[in-house]
Structure formats: structure tokens, C-alpha cells
file structure08.cif (mmCIF, C-alpha atoms and all ligand atoms)
data_model
#
loop_
_atom_site.group_PDB
_atom_site.id
_atom_site.type_symbol
_atom_site.label_atom_id
_atom_site.label_comp_id
_atom_site.auth_asym_id
_atom_site.auth_seq_id
_atom_site.Cartn_x
_atom_site.Cartn_y
_atom_site.Cartn_z
ATOM 1 C CA MET D 3 110.309 127.670 124.843
ATOM 2 C CA ASP D 4 107.833 125.306 123.263
ATOM 3 C CA ILE D 5 106.488 122.095 124.799
ATOM 4 C CA THR D 6 106.401 120.432 121.370
ATOM 5 C CA GLN D 7 110.147 121.017 121.035
ATOM 6 C CA LEU D 8 110.848 119.706 124.563
ATOM 7 C CA ILE D 9 108.945 116.522 123.740
ATOM 8 C CA LEU D 10 110.903 116.126 120.488
ATOM 9 C CA ASP D 11 114.140 116.688 122.403
ATOM 10 C CA ASP D 12 113.134 113.982 124.913
ATOM 11 C CA HIS D 13 112.387 111.579 122.060
ATOM 12 C CA GLN D 14 115.841 112.226 120.647
ATOM 13 C CA GLU D 15 117.371 111.521 124.060
ATOM 14 C CA GLN D 16 115.465 108.222 124.191
ATOM 15 C CA ARG D 17 116.783 107.275 120.737
ATOM 16 C CA ARG D 18 120.306 108.283 121.814
ATOM 17 C CA LEU D 19 120.189 106.098 124.939
ATOM 18 C CA LEU D 20 118.978 103.101 122.910
ATOM 19 C CA ALA D 21 121.770 103.683 120.392
ATOM 20 C CA THR D 22 124.190 103.759 123.320
ATOM 21 C CA ILE D 23 122.957 100.369 124.538
ATOM 22 C CA GLU D 24 123.456 98.955 121.045
ATOM 23 C CA GLN D 25 127.108 99.998 121.116
ATOM 24 C CA ILE D 26 128.091 98.656 124.556
ATOM 25 C CA ASP D 27 129.842 95.285 124.631
ATOM 26 C CA PRO D 28 127.361 92.617 125.848
ATOM 27 C CA THR D 29 129.816 91.532 128.543
ATOM 28 C CA ASN D 30 129.838 95.019 130.089
ATOM 29 C CA THR D 31 126.694 94.398 132.089
ATOM 30 C CA ALA D 32 127.397 97.234 134.530
ATOM 31 C CA ALA D 33 127.296 99.772 131.697
ATOM 32 C CA LEU D 34 124.300 98.131 130.007
ATOM 33 C CA GLY D 35 122.345 98.030 133.261
ATOM 34 C CA ALA D 36 123.176 101.613 134.151
ATOM 35 C CA VAL D 37 122.183 103.061 130.774
ATOM 36 C CA TRP D 38 119.037 100.954 130.612
ATOM 37 C CA ASP D 39 117.985 101.997 134.132
ATOM 38 C CA ARG D 40 118.394 105.631 133.101
ATOM 39 C CA LEU D 41 116.318 105.110 129.944
ATOM 40 C CA ALA D 42 113.615 103.143 131.774
ATOM 41 C CA SER D 43 113.077 105.857 134.381
ATOM 42 C CA PHE D 44 113.253 108.582 131.744
ATOM 43 C CA LEU D 45 110.544 106.863 129.681
ATOM 44 C CA GLU D 46 108.269 106.789 132.745
ATOM 45 C CA VAL D 47 108.853 110.424 133.657
ATOM 46 C CA HIS D 48 108.380 111.540 130.057
ATOM 47 C CA ALA D 49 105.083 109.675 129.651
ATOM 48 C CA GLU D 50 103.776 110.927 132.992
ATOM 49 C CA ALA D 51 104.698 114.529 132.132
ATOM 50 C CA GLU D 52 102.850 114.207 128.835
ATOM 51 C CA GLU D 53 99.821 112.714 130.563
ATOM 52 C CA GLN D 54 99.707 115.421 133.208
ATOM 53 C CA LEU D 55 100.560 118.427 131.051
ATOM 54 C CA PHE D 56 100.437 117.874 127.287
ATOM 55 C CA TYR D 57 97.447 115.646 126.538
ATOM 56 C CA PRO D 58 94.959 117.577 128.705
ATOM 57 C CA GLU D 59 95.820 120.717 126.718
ATOM 58 C CA LEU D 60 95.688 118.840 123.406
ATOM 59 C CA LEU D 61 92.164 117.762 124.311
ATOM 60 C CA ARG D 62 91.306 121.356 125.199
ATOM 61 C CA VAL D 63 92.705 123.244 122.207
ATOM 62 C CA GLY D 64 93.519 120.593 119.592
ATOM 63 C CA GLY D 65 91.697 120.656 116.271
ATOM 64 C CA GLY D 66 92.709 117.302 114.856
ATOM 65 C CA VAL D 67 95.160 116.486 112.104
ATOM 66 C CA ASP D 68 94.825 114.280 109.011
ATOM 67 C CA ASN D 69 91.272 113.280 109.954
ATOM 68 C CA VAL D 70 92.339 112.164 113.444
ATOM 69 C CA ASP D 71 90.652 114.124 116.223
ATOM 70 C CA PRO D 72 92.303 114.986 119.574
ATOM 71 C CA GLU D 73 90.293 112.328 121.416
ATOM 72 C CA ALA D 74 91.584 109.605 119.101
ATOM 73 C CA GLU D 75 95.136 111.002 119.247
ATOM 74 C CA THR D 76 94.995 110.982 123.044
ATOM 75 C CA LYS D 77 93.450 107.519 123.427
ATOM 76 C CA ASP D 78 96.106 106.103 121.106
ATOM 77 C CA ALA D 79 98.847 107.782 123.117
ATOM 78 C CA ILE D 80 97.591 106.659 126.533
ATOM 79 C CA GLY D 81 97.255 103.089 125.261
ATOM 80 C CA ASP D 82 100.757 103.270 123.781
ATOM 81 C CA HIS D 83 102.146 104.557 127.086
ATOM 82 C CA ASN D 84 100.654 101.497 128.805
ATOM 83 C CA ASP D 85 102.275 99.226 126.198
ATOM 84 C CA ILE D 86 105.635 100.928 126.707
ATOM 85 C CA ARG D 87 105.369 100.605 130.518
ATOM 86 C CA ASN D 88 104.627 96.896 130.179
ATOM 87 C CA ALA D 89 107.514 96.395 127.738
ATOM 88 C CA VAL D 90 109.874 98.279 130.058
ATOM 89 C CA ALA D 91 108.718 96.222 133.058
ATOM 90 C CA ALA D 92 109.314 92.983 131.124
ATOM 91 C CA VAL D 93 113.016 93.811 130.756
ATOM 92 C CA THR D 94 113.507 93.237 134.481
ATOM 93 C CA ASP D 95 112.551 89.554 134.032
ATOM 94 C CA HIS D 96 115.910 88.948 132.365
ATOM 95 C CA GLU D 97 119.539 88.992 133.378
ATOM 96 C CA VAL D 98 121.265 92.093 132.019
ATOM 97 C CA GLY D 99 123.125 91.323 128.812
ATOM 98 C CA SER D 100 121.377 87.975 128.216
ATOM 99 C CA GLU D 101 119.626 87.085 124.965
ATOM 100 C CA GLY D 102 116.252 87.444 126.658
ATOM 101 C CA TRP D 103 117.253 90.864 127.953
ATOM 102 C CA TYR D 104 118.190 92.075 124.463
ATOM 103 C CA ASP D 105 114.922 90.670 123.079
ATOM 104 C CA ALA D 106 112.960 92.529 125.763
ATOM 105 C CA ILE D 107 114.880 95.732 125.008
ATOM 106 C CA THR D 108 114.024 95.297 121.326
ATOM 107 C CA LYS D 109 110.314 94.996 122.185
ATOM 108 C CA ALA D 110 110.472 98.155 124.321
ATOM 109 C CA ASN D 111 112.316 99.923 121.511
ATOM 110 C CA GLU D 112 109.656 98.880 118.987
ATOM 111 C CA ALA D 113 106.777 99.990 121.229
ATOM 112 C CA ASN D 114 108.433 103.325 121.930
ATOM 113 C CA SER D 115 109.544 103.964 118.351
ATOM 114 C CA ASP D 116 106.060 103.314 116.989
ATOM 115 C CA HIS D 117 104.579 105.601 119.628
ATOM 116 C CA MET D 118 107.037 108.459 119.114
ATOM 117 C CA ALA D 119 106.443 108.442 115.356
ATOM 118 C CA GLU D 120 102.672 108.588 115.828
ATOM 119 C CA GLU D 121 102.879 111.222 118.571
ATOM 120 C CA GLU D 122 105.135 113.414 116.437
ATOM 121 C CA ARG D 123 102.888 112.988 113.376
ATOM 122 C CA GLU D 124 99.596 113.556 115.204
ATOM 123 C CA GLY D 125 99.582 115.166 118.648
ATOM 124 C CA LEU D 126 102.588 117.439 118.243
ATOM 125 C CA THR D 127 101.517 118.567 114.768
ATOM 126 C CA ASP D 128 97.988 119.227 115.973
ATOM 127 C CA PHE D 129 99.292 121.248 118.916
ATOM 128 C CA ARG D 130 101.616 123.397 116.798
ATOM 129 C CA ARG D 131 98.724 124.212 114.495
ATOM 130 C CA HIS D 132 96.174 125.029 117.151
ATOM 131 C CA ALA D 133 97.902 126.130 120.384
ATOM 132 C CA GLY D 134 99.261 129.640 120.763
ATOM 133 C CA LEU D 135 102.885 130.416 121.485
ATOM 134 C CA GLU D 136 102.214 131.644 125.021
ATOM 135 C CA LEU D 137 100.484 128.393 125.967
ATOM 136 C CA ARG D 138 103.266 126.363 124.364
ATOM 137 C CA HIS D 139 105.844 128.352 126.356
ATOM 138 C CA ASP D 140 103.998 128.064 129.679
ATOM 139 C CA LEU D 141 103.539 124.318 129.214
ATOM 140 C CA ALA D 142 107.215 123.955 128.342
ATOM 141 C CA VAL D 143 108.170 125.563 131.651
ATOM 142 C CA ALA D 144 105.779 123.263 133.521
ATOM 143 C CA PHE D 145 107.073 120.220 131.594
ATOM 144 C CA ALA D 146 110.715 121.071 132.351
ATOM 145 C CA THR D 147 109.818 121.649 135.999
ATOM 146 C CA PHE D 148 108.031 118.298 136.239
ATOM 147 C CA GLU D 149 110.951 116.419 134.732
ATOM 148 C CA ALA D 150 113.467 118.224 136.938
ATOM 149 C CA THR D 151 111.418 117.516 140.055
ATOM 150 C CA HIS D 152 110.975 113.855 139.134
ATOM 151 C CA PHE D 153 114.432 113.254 137.679
ATOM 152 C CA ALA D 154 114.822 110.012 139.645
ATOM 153 C CA GLY D 155 111.625 108.538 138.193
ATOM 154 C CA VAL D 156 107.947 108.135 138.955
ATOM 155 C CA THR D 157 105.839 105.139 139.856
ATOM 156 C CA ALA D 158 104.572 103.468 136.682
ATOM 157 C CA VAL D 159 100.773 103.503 136.585
ATOM 158 C CA ASP D 160 98.716 102.290 133.623
ATOM 159 C CA LYS D 161 95.694 104.404 132.701
ATOM 160 C CA ASP D 162 92.515 103.376 130.921
ATOM 161 C CA PRO D 163 92.486 105.526 127.739
ATOM 162 C CA GLU D 164 88.682 105.920 127.736
ATOM 163 C CA VAL D 165 88.567 106.895 131.411
ATOM 164 C CA TYR D 166 91.515 109.283 131.011
ATOM 165 C CA VAL D 167 89.853 111.191 128.156
ATOM 166 C CA ARG D 168 86.484 111.238 129.920
ATOM 167 C CA GLU D 169 87.995 112.626 133.130
ATOM 168 C CA VAL D 170 90.022 115.296 131.350
ATOM 169 C CA GLU D 171 87.012 116.370 129.272
ATOM 170 C CA ALA D 172 84.935 116.624 132.450
ATOM 171 C CA GLU D 173 87.640 118.877 133.965
ATOM 172 C CA ILE D 174 87.656 121.004 130.818
ATOM 173 C CA ALA D 175 83.877 121.346 130.889
ATOM 174 C CA THR D 176 83.914 122.639 134.460
ATOM 175 C CA SER D 177 87.049 124.770 134.328
ATOM 176 C CA ASP D 178 87.435 126.166 130.809
ATOM 177 C CA ASP D 179 86.395 129.779 130.538
ATOM 178 C CA GLY D 180 86.509 129.594 126.753
ATOM 179 C CA ALA D 181 89.874 131.330 126.447
ATOM 180 C CA ASN D 182 91.816 128.908 124.302
ATOM 181 C CA ASP D 183 95.207 130.269 125.166
ATOM 182 C CA SER D 184 95.139 130.517 128.925
ATOM 183 C CA PRO D 185 97.778 128.286 130.502
ATOM 184 C CA ALA D 186 96.557 125.290 132.449
ATOM 185 C CA THR D 187 99.666 124.669 134.486
ATOM 186 C CA THR D 188 98.546 125.403 138.011
ATOM 187 C CA ASP D 189 96.534 123.553 140.603
ATOM 188 C CA THR D 190 93.604 125.870 139.990
ATOM 189 C CA SER D 191 93.137 124.768 136.386
ATOM 190 C CA LEU D 192 92.981 121.189 135.162
ATOM 191 C CA GLY D 193 93.390 118.977 138.192
ATOM 192 C CA ILE D 194 95.281 116.466 136.094
ATOM 193 C CA GLY D 195 97.783 119.164 135.264
ATOM 194 C CA SER D 196 98.963 119.530 138.822
ATOM 195 C CA LEU D 197 102.713 119.361 139.236
ATOM 196 C CA HIS D 198 102.254 117.722 142.613
ATOM 197 C CA SER D 199 99.844 114.892 141.967
ATOM 198 C CA ASP D 200 102.455 112.164 141.732
HETATM 199 FE FE FE W 301 106.576 111.429 123.926
HETATM 200 FE FE FE W 302 103.955 109.851 124.573
#
call {"tool": "encode", "arguments": {"input": "structure08.cif", "output": "C-alpha cells"}}
result
Amino acid sequence: MDITQLILDDHQEQRRLLATIEQIDPTNTAALGAVWDRLASFLEVHAEAEEQLFYPELLRVGGGVDNVDPEAETKDAIGDHNDIRNAVAAVTDHEVGSEGWYDAITKANEANSDHMAEEEREGLTDFRRHAGLELRHDLAVAFATFEATHFAGVTAVDKDPEVYVREVEAEIATSDDGANDSPATTDTSLGIGSLHSD
């Protein structure tokens, strides 16, 4: 298993659910609402899993890619996650199937599409180049466990990108023993990586 592949697979599932919404008749509001609710909760769980498990390890072992360092990759991602949460929340202001609802879905789609492209180009590429296979496997197991445990969703919480990176780097400074490939998927490693902090 490989956490970078699980994240790619999740992105594909997000694209698939949006494509599903595009193909449902606008009058079938029960179907539209059901598929959107599934996508909205999945987006939250996916972002939270990345924030708890992937980005702390990217900050720890990443080496940068295309002149973008892991701190910049992570700050961009955390900010994007906030934008996506806000766009997802805005959908609930509209009646399912209305013009305003479709416009809000389009904004959420744009925010998420832009973010996925950047995350795939930067963070995931960086991680494949610099993280060992054992770490990628162990994080994949933790990521799958988190998503299975939180299948019904998590509470959406925005995070300040600067504060997030500062707190993770402080955890790394106090907990890293210098072994770049030791998994950080338990409560005894990075506190932010806990599976039970939600
Ligand atoms: Fe993602
Ligand atoms: Fe993300």
C-alpha cells in the first residue's frame, strides 16, 4: 500500500461523484442531495486525514519539488482545504437542484479541482521522491483506518496554515529521532497524527 496512491484514489472518487451529480436530472432532488451529501462528507474526511497523517510526514521527510519546499506545499494545501470547506458549506445555503445550488457546487468543484491538481503535482510528487516505501505503506494503513473510522464524516474545522506548520514543526523538533523512515502513525509520535484526536 502507498498513501500517495490512496490519496489519488480518493481524488478520483471525488471527481466521479461530481460527474455523477452532473448527470442526474435537476428535478431528481433526492438523488442530487444524497450524492452531494456523500461527497461533502467525503471531502471533509479526506482533508482531515491528510492534515492528521500526510502533511505532518511531508513536513518531516519532504525535500521539495520544482523549487517549492514542503512548508510552502503544506501552507498552500491547508489554505486550500479551508477554501474547500467554505465552498462546501455555502452549498447548504441553497435549495437542492436550484440555480444557486448548482452555482455553489461549481465553486466547490473549482476549489477542489485546483487543489487536487496542485497537491498531486507538489505534495504527492515530493513524498514519492523522498519517503521510503515502508513509511508510505504504514501511512496508507493509518489513512485507510482513519477514513473507515470516520466514514460518516468529521466536524469541519478551518486551520491557520502558518500555525499548523509551526505546530507540526515543533512536534517534529521534539519527537524526531532523525530516522527519516520511522512511521509516525501512533499516539507516541506526532501528536497531530493521532487517529483519535477528532
Ligand atoms: Fe487530497
Ligand atoms: Fe488536500
call {"tool": "closest_residue", "arguments": {"input": "structure08.cif", "among": "D:Glu164, D:Asp95, D:Glu15, D:Glu75", "to": "D:Phe44", "atoms": "all atoms listed in the file"}}
result
D:Glu15
call {"tool": "residues_near_ligand", "arguments": {"input": "structure08.cif", "ligand": "ligand FE 302 (chain W)", "cutoff": "10 Å", "atoms": "all atoms listed in the file", "output": "JSON, numbers by chain"}}
result
{"D": [9, 13, 45, 46, 48, 49, 50, 51, 52, 53, 56, 57, 76, 78, 79, 80, 81, 82, 83, 84, 86, 114, 117, 118, 119, 120, 121, 122, 125, 126]}
call {"tool": "closest_residue", "arguments": {"input": "structure08.cif", "among": "D:Arg62, D:Gly35, D:Ile26, D:Leu8", "to": "D:Glu173", "atoms": "all atoms listed in the file"}}
result
D:Arg62
call {"tool": "atom_distance", "arguments": {"input": "structure08.cif", "atom1": "atom CA of D:Ala154", "atom2": "atom CA of D:Thr22"}}
result
19.8 Å
call {"tool": "atom_distance", "arguments": {"input": "structure08.cif", "atom1": "atom CA of D:Arg138", "atom2": "atom CA of D:Asn111"}}
result
28.1 Å
call {"tool": "closest_residue", "arguments": {"input": "structure08.cif", "among": "D:Ala133, D:Lys77, D:Glu97, D:Asp128", "to": "D:Ala32", "atoms": "only C-alpha atoms"}}
result
D:Glu97
call {"tool": "closest_residue", "arguments": {"input": "structure08.cif", "among": "D:Thr31, D:Ser115, D:Ser100, D:Thr157", "to": "ligand FE 301 (chain W)", "atoms": "all atoms listed in the file"}}
result
D:Ser115
call {"tool": "axis_aligned_box", "arguments": {"input": "structure08.cif", "around": "stretch 12-17 of chain D", "padding_each_side": "3 Å", "output": "lines of an AutoDock Vina configuration file"}}
result
center_x = 114.9
center_y = 110.6
center_z = 122.8
size_x = 11.0
size_y = 12.7
size_z = 10.3
call {"tool": "atom_distance", "arguments": {"input": "structure08.cif", "atom1": "atom CA of D:Arg131", "atom2": "atom CA of D:Asp68"}}
result
12.0 Å
call {"tool": "closest_residue", "arguments": {"input": "structure08.cif", "among": "D:Trp38, D:Phe148, D:Tyr104, D:Phe129", "to": "D:Val63", "atoms": "all atoms listed in the file"}}
result
D:Phe129
call {"tool": "resolve_selection", "arguments": {"input": "structure08.cif", "expression": "the PyMOL selection byres (((chain D and resi 88-90) around 7) and not hetatm)", "output": "PyMOL selection string"}}
result
chain D and resi 42+84-87+91-93+106+109-110
call {"tool": "closest_residue", "arguments": {"input": "structure08.cif", "among": "D:Asn69, D:Thr108, D:Gln7, D:Ser177", "to": "ligand FE 301 (chain W)", "atoms": "all atoms listed in the file"}}
result
D:Gln7
call {"tool": "resolve_selection", "arguments": {"input": "structure08.cif", "expression": "the PyMOL selection byres (((chain D and resi 3) around 6) and not hetatm)", "output": "list in words"}}
result
Asp4, His139 and Ala142 of chain D
call {"tool": "resolve_selection", "arguments": {"input": "structure08.cif", "expression": "the PyMOL selection byres (((chain D and resi 141) around 10) and not hetatm)", "output": "list in words"}}
result
Met3, Asp4, Ile5, Thr6, Leu8, Leu55, Phe56, Glu59, Leu135, Glu136, Leu137, Arg138, His139, Asp140, Ala142, Val143, Ala144, Phe145, Ala146, Thr147, Pro185, Ala186, Thr187 and Gly195 of chain D
call {"tool": "residues_around", "arguments": {"input": "structure08.cif", "residues": "D:Leu19", "least_positions_apart": "6", "cutoff": "9 Å", "atoms": "only C-alpha atoms", "output": "list in words"}}
result
Val37, Trp38, Arg40 and Leu41 of chain D
call {"tool": "decode", "arguments": {"input": "structure08.cif", "residues": "stretch 105-150 of chain D", "atoms": "N, CA and C atoms", "output": "PDB file, in the first residue's frame"}}
result
ATOM      1  N   ASP D 105     -24.627  26.643  -8.890  1.00  0.00           N
ATOM      2  CA  ASP D 105     -23.507  27.599  -8.891  1.00  0.00           C
ATOM      3  C   ASP D 105     -22.563  27.331  -7.715  1.00  0.00           C
ATOM      4  N   ALA D 106     -23.153  27.035  -6.552  1.00  0.00           N
ATOM      5  CA  ALA D 106     -22.321  26.752  -5.373  1.00  0.00           C
ATOM      6  C   ALA D 106     -21.539  25.451  -5.553  1.00  0.00           C
ATOM      7  N   ILE D 107     -22.166  24.467  -6.185  1.00  0.00           N
ATOM      8  CA  ILE D 107     -21.459  23.206  -6.471  1.00  0.00           C
ATOM      9  C   ILE D 107     -20.276  23.476  -7.411  1.00  0.00           C
ATOM     10  N   THR D 108     -20.528  24.340  -8.409  1.00  0.00           N
ATOM     11  CA  THR D 108     -19.452  24.662  -9.358  1.00  0.00           C
ATOM     12  C   THR D 108     -18.273  25.316  -8.631  1.00  0.00           C
ATOM     13  N   LYS D 109     -18.569  26.203  -7.686  1.00  0.00           N
ATOM     14  CA  LYS D 109     -17.478  26.854  -6.929  1.00  0.00           C
ATOM     15  C   LYS D 109     -16.709  25.834  -6.096  1.00  0.00           C
ATOM     16  N   ALA D 110     -17.422  24.898  -5.472  1.00  0.00           N
ATOM     17  CA  ALA D 110     -16.749  23.851  -4.689  1.00  0.00           C
ATOM     18  C   ALA D 110     -15.913  22.966  -5.605  1.00  0.00           C
ATOM     19  N   ASN D 111     -16.447  22.667  -6.773  1.00  0.00           N
ATOM     20  CA  ASN D 111     -15.724  21.856  -7.753  1.00  0.00           C
ATOM     21  C   ASN D 111     -14.436  22.563  -8.172  1.00  0.00           C
ATOM     22  N   GLU D 112     -14.543  23.870  -8.450  1.00  0.00           N
ATOM     23  CA  GLU D 112     -13.357  24.625  -8.876  1.00  0.00           C
ATOM     24  C   GLU D 112     -12.299  24.654  -7.775  1.00  0.00           C
ATOM     25  N   ALA D 113     -12.733  24.922  -6.535  1.00  0.00           N
ATOM     26  CA  ALA D 113     -11.772  24.974  -5.424  1.00  0.00           C
ATOM     27  C   ALA D 113     -11.096  23.625  -5.240  1.00  0.00           C
ATOM     28  N   ASN D 114     -11.888  22.556  -5.328  1.00  0.00           N
ATOM     29  CA  ASN D 114     -11.315  21.226  -5.108  1.00  0.00           C
ATOM     30  C   ASN D 114     -10.449  20.778  -6.283  1.00  0.00           C
ATOM     31  N   SER D 115     -10.876  21.078  -7.490  1.00  0.00           N
ATOM     32  CA  SER D 115     -10.085  20.686  -8.665  1.00  0.00           C
ATOM     33  C   SER D 115      -8.727  21.373  -8.663  1.00  0.00           C
ATOM     34  N   ASP D 116      -8.733  22.678  -8.385  1.00  0.00           N
ATOM     35  CA  ASP D 116      -7.457  23.406  -8.334  1.00  0.00           C
ATOM     36  C   ASP D 116      -6.549  22.800  -7.276  1.00  0.00           C
ATOM     37  N   HIS D 117      -7.141  22.497  -6.113  1.00  0.00           N
ATOM     38  CA  HIS D 117      -6.335  21.949  -5.017  1.00  0.00           C
ATOM     39  C   HIS D 117      -5.787  20.568  -5.352  1.00  0.00           C
ATOM     40  N   MET D 118      -6.622  19.695  -5.894  1.00  0.00           N
ATOM     41  CA  MET D 118      -6.147  18.339  -6.203  1.00  0.00           C
ATOM     42  C   MET D 118      -4.992  18.384  -7.196  1.00  0.00           C
ATOM     43  N   ALA D 119      -5.113  19.240  -8.213  1.00  0.00           N
ATOM     44  CA  ALA D 119      -4.045  19.322  -9.218  1.00  0.00           C
ATOM     45  C   ALA D 119      -2.729  19.752  -8.572  1.00  0.00           C
ATOM     46  N   GLU D 120      -2.812  20.756  -7.693  1.00  0.00           N
ATOM     47  CA  GLU D 120      -1.599  21.252  -7.038  1.00  0.00           C
ATOM     48  C   GLU D 120      -1.032  20.208  -6.083  1.00  0.00           C
ATOM     49  N   GLU D 121      -1.921  19.559  -5.329  1.00  0.00           N
ATOM     50  CA  GLU D 121      -1.479  18.543  -4.362  1.00  0.00           C
ATOM     51  C   GLU D 121      -0.801  17.365  -5.082  1.00  0.00           C
ATOM     52  N   GLU D 122      -1.379  16.970  -6.209  1.00  0.00           N
ATOM     53  CA  GLU D 122      -0.799  15.859  -6.966  1.00  0.00           C
ATOM     54  C   GLU D 122       0.546  16.255  -7.560  1.00  0.00           C
ATOM     55  N   ARG D 123       0.646  17.511  -8.017  1.00  0.00           N
ATOM     56  CA  ARG D 123       1.883  17.986  -8.663  1.00  0.00           C
ATOM     57  C   ARG D 123       2.987  18.231  -7.652  1.00  0.00           C
ATOM     58  N   GLU D 124       2.609  18.683  -6.437  1.00  0.00           N
ATOM     59  CA  GLU D 124       3.627  19.077  -5.459  1.00  0.00           C
ATOM     60  C   GLU D 124       3.772  18.051  -4.332  1.00  0.00           C
ATOM     61  N   GLY D 125       2.837  18.031  -3.408  1.00  0.00           N
ATOM     62  CA  GLY D 125       2.994  17.203  -2.212  1.00  0.00           C
ATOM     63  C   GLY D 125       3.175  15.727  -2.506  1.00  0.00           C
ATOM     64  N   LEU D 126       2.331  15.182  -3.367  1.00  0.00           N
ATOM     65  CA  LEU D 126       2.423  13.738  -3.639  1.00  0.00           C
ATOM     66  C   LEU D 126       3.714  13.398  -4.369  1.00  0.00           C
ATOM     67  N   THR D 127       4.117  14.253  -5.305  1.00  0.00           N
ATOM     68  CA  THR D 127       5.377  14.017  -6.024  1.00  0.00           C
ATOM     69  C   THR D 127       6.553  14.094  -5.069  1.00  0.00           C
ATOM     70  N   ASP D 128       6.559  15.107  -4.242  1.00  0.00           N
ATOM     71  CA  ASP D 128       7.620  15.271  -3.243  1.00  0.00           C
ATOM     72  C   ASP D 128       7.706  14.024  -2.355  1.00  0.00           C
ATOM     73  N   PHE D 129       6.554  13.539  -1.919  1.00  0.00           N
ATOM     74  CA  PHE D 129       6.548  12.405  -0.987  1.00  0.00           C
ATOM     75  C   PHE D 129       7.049  11.126  -1.663  1.00  0.00           C
ATOM     76  N   ARG D 130       6.660  10.911  -2.898  1.00  0.00           N
ATOM     77  CA  ARG D 130       7.149   9.714  -3.613  1.00  0.00           C
ATOM     78  C   ARG D 130       8.667   9.767  -3.764  1.00  0.00           C
ATOM     79  N   ARG D 131       9.188  10.958  -3.958  1.00  0.00           N
ATOM     80  CA  ARG D 131      10.637  11.076  -4.174  1.00  0.00           C
ATOM     81  C   ARG D 131      11.436  10.935  -2.890  1.00  0.00           C
ATOM     82  N   HIS D 132      10.835  11.295  -1.768  1.00  0.00           N
ATOM     83  CA  HIS D 132      11.642  11.406  -0.554  1.00  0.00           C
ATOM     84  C   HIS D 132      11.232  10.498   0.597  1.00  0.00           C
ATOM     85  N   ALA D 133      10.050   9.893   0.539  1.00  0.00           N
ATOM     86  CA  ALA D 133       9.624   8.996   1.630  1.00  0.00           C
ATOM     87  C   ALA D 133       9.816   7.543   1.201  1.00  0.00           C
ATOM     88  N   GLY D 134      10.292   6.739   2.127  1.00  0.00           N
ATOM     89  CA  GLY D 134      10.529   5.329   1.826  1.00  0.00           C
ATOM     90  C   GLY D 134       9.231   4.546   1.718  1.00  0.00           C
ATOM     91  N   LEU D 135       9.358   3.358   1.130  1.00  0.00           N
ATOM     92  CA  LEU D 135       8.168   2.536   0.889  1.00  0.00           C
ATOM     93  C   LEU D 135       7.494   2.088   2.176  1.00  0.00           C
ATOM     94  N   GLU D 136       8.303   1.797   3.200  1.00  0.00           N
ATOM     95  CA  GLU D 136       7.724   1.325   4.466  1.00  0.00           C
ATOM     96  C   GLU D 136       6.873   2.427   5.100  1.00  0.00           C
ATOM     97  N   LEU D 137       7.383   3.644   5.093  1.00  0.00           N
ATOM     98  CA  LEU D 137       6.618   4.770   5.637  1.00  0.00           C
ATOM     99  C   LEU D 137       5.342   4.975   4.820  1.00  0.00           C
ATOM    100  N   ARG D 138       5.463   4.911   3.510  1.00  0.00           N
ATOM    101  CA  ARG D 138       4.284   5.111   2.660  1.00  0.00           C
ATOM    102  C   ARG D 138       3.231   4.032   2.921  1.00  0.00           C
ATOM    103  N   HIS D 139       3.688   2.799   3.166  1.00  0.00           N
ATOM    104  CA  HIS D 139       2.755   1.713   3.489  1.00  0.00           C
ATOM    105  C   HIS D 139       2.086   1.956   4.848  1.00  0.00           C
ATOM    106  N   ASP D 140       2.900   2.247   5.855  1.00  0.00           N
ATOM    107  CA  ASP D 140       2.343   2.427   7.211  1.00  0.00           C
ATOM    108  C   ASP D 140       1.343   3.590   7.247  1.00  0.00           C
ATOM    109  N   LEU D 141       1.657   4.661   6.541  1.00  0.00           N
ATOM    110  CA  LEU D 141       0.726   5.792   6.489  1.00  0.00           C
ATOM    111  C   LEU D 141      -0.546   5.432   5.732  1.00  0.00           C
ATOM    112  N   ALA D 142      -0.408   4.598   4.719  1.00  0.00           N
ATOM    113  CA  ALA D 142      -1.597   4.158   3.972  1.00  0.00           C
ATOM    114  C   ALA D 142      -2.546   3.388   4.889  1.00  0.00           C
ATOM    115  N   VAL D 143      -1.991   2.525   5.725  1.00  0.00           N
ATOM    116  CA  VAL D 143      -2.833   1.762   6.652  1.00  0.00           C
ATOM    117  C   VAL D 143      -3.525   2.722   7.622  1.00  0.00           C
ATOM    118  N   ALA D 144      -2.775   3.685   8.140  1.00  0.00           N
ATOM    119  CA  ALA D 144      -3.363   4.655   9.071  1.00  0.00           C
ATOM    120  C   ALA D 144      -4.432   5.496   8.380  1.00  0.00           C
ATOM    121  N   PHE D 145      -4.165   5.887   7.132  1.00  0.00           N
ATOM    122  CA  PHE D 145      -5.112   6.709   6.357  1.00  0.00           C
ATOM    123  C   PHE D 145      -6.411   5.933   6.114  1.00  0.00           C
ATOM    124  N   ALA D 146      -6.270   4.672   5.697  1.00  0.00           N
ATOM    125  CA  ALA D 146      -7.458   3.839   5.452  1.00  0.00           C
ATOM    126  C   ALA D 146      -8.236   3.624   6.742  1.00  0.00           C
ATOM    127  N   THR D 147      -7.520   3.451   7.842  1.00  0.00           N
ATOM    128  CA  THR D 147      -8.170   3.262   9.141  1.00  0.00           C
ATOM    129  C   THR D 147      -8.943   4.512   9.544  1.00  0.00           C
ATOM    130  N   PHE D 148      -8.309   5.677   9.357  1.00  0.00           N
ATOM    131  CA  PHE D 148      -8.974   6.939   9.707  1.00  0.00           C
ATOM    132  C   PHE D 148     -10.260   7.104   8.905  1.00  0.00           C
ATOM    133  N   GLU D 149     -10.172   6.863   7.602  1.00  0.00           N
ATOM    134  CA  GLU D 149     -11.360   7.064   6.771  1.00  0.00           C
ATOM    135  C   GLU D 149     -12.456   6.038   7.094  1.00  0.00           C
ATOM    136  N   ALA D 150     -12.048   4.821   7.431  1.00  0.00           N
ATOM    137  CA  ALA D 150     -13.048   3.814   7.790  1.00  0.00           C
ATOM    138  C   ALA D 150     -13.721   4.165   9.108  1.00  0.00           C
TER     139      ALA D 150
END
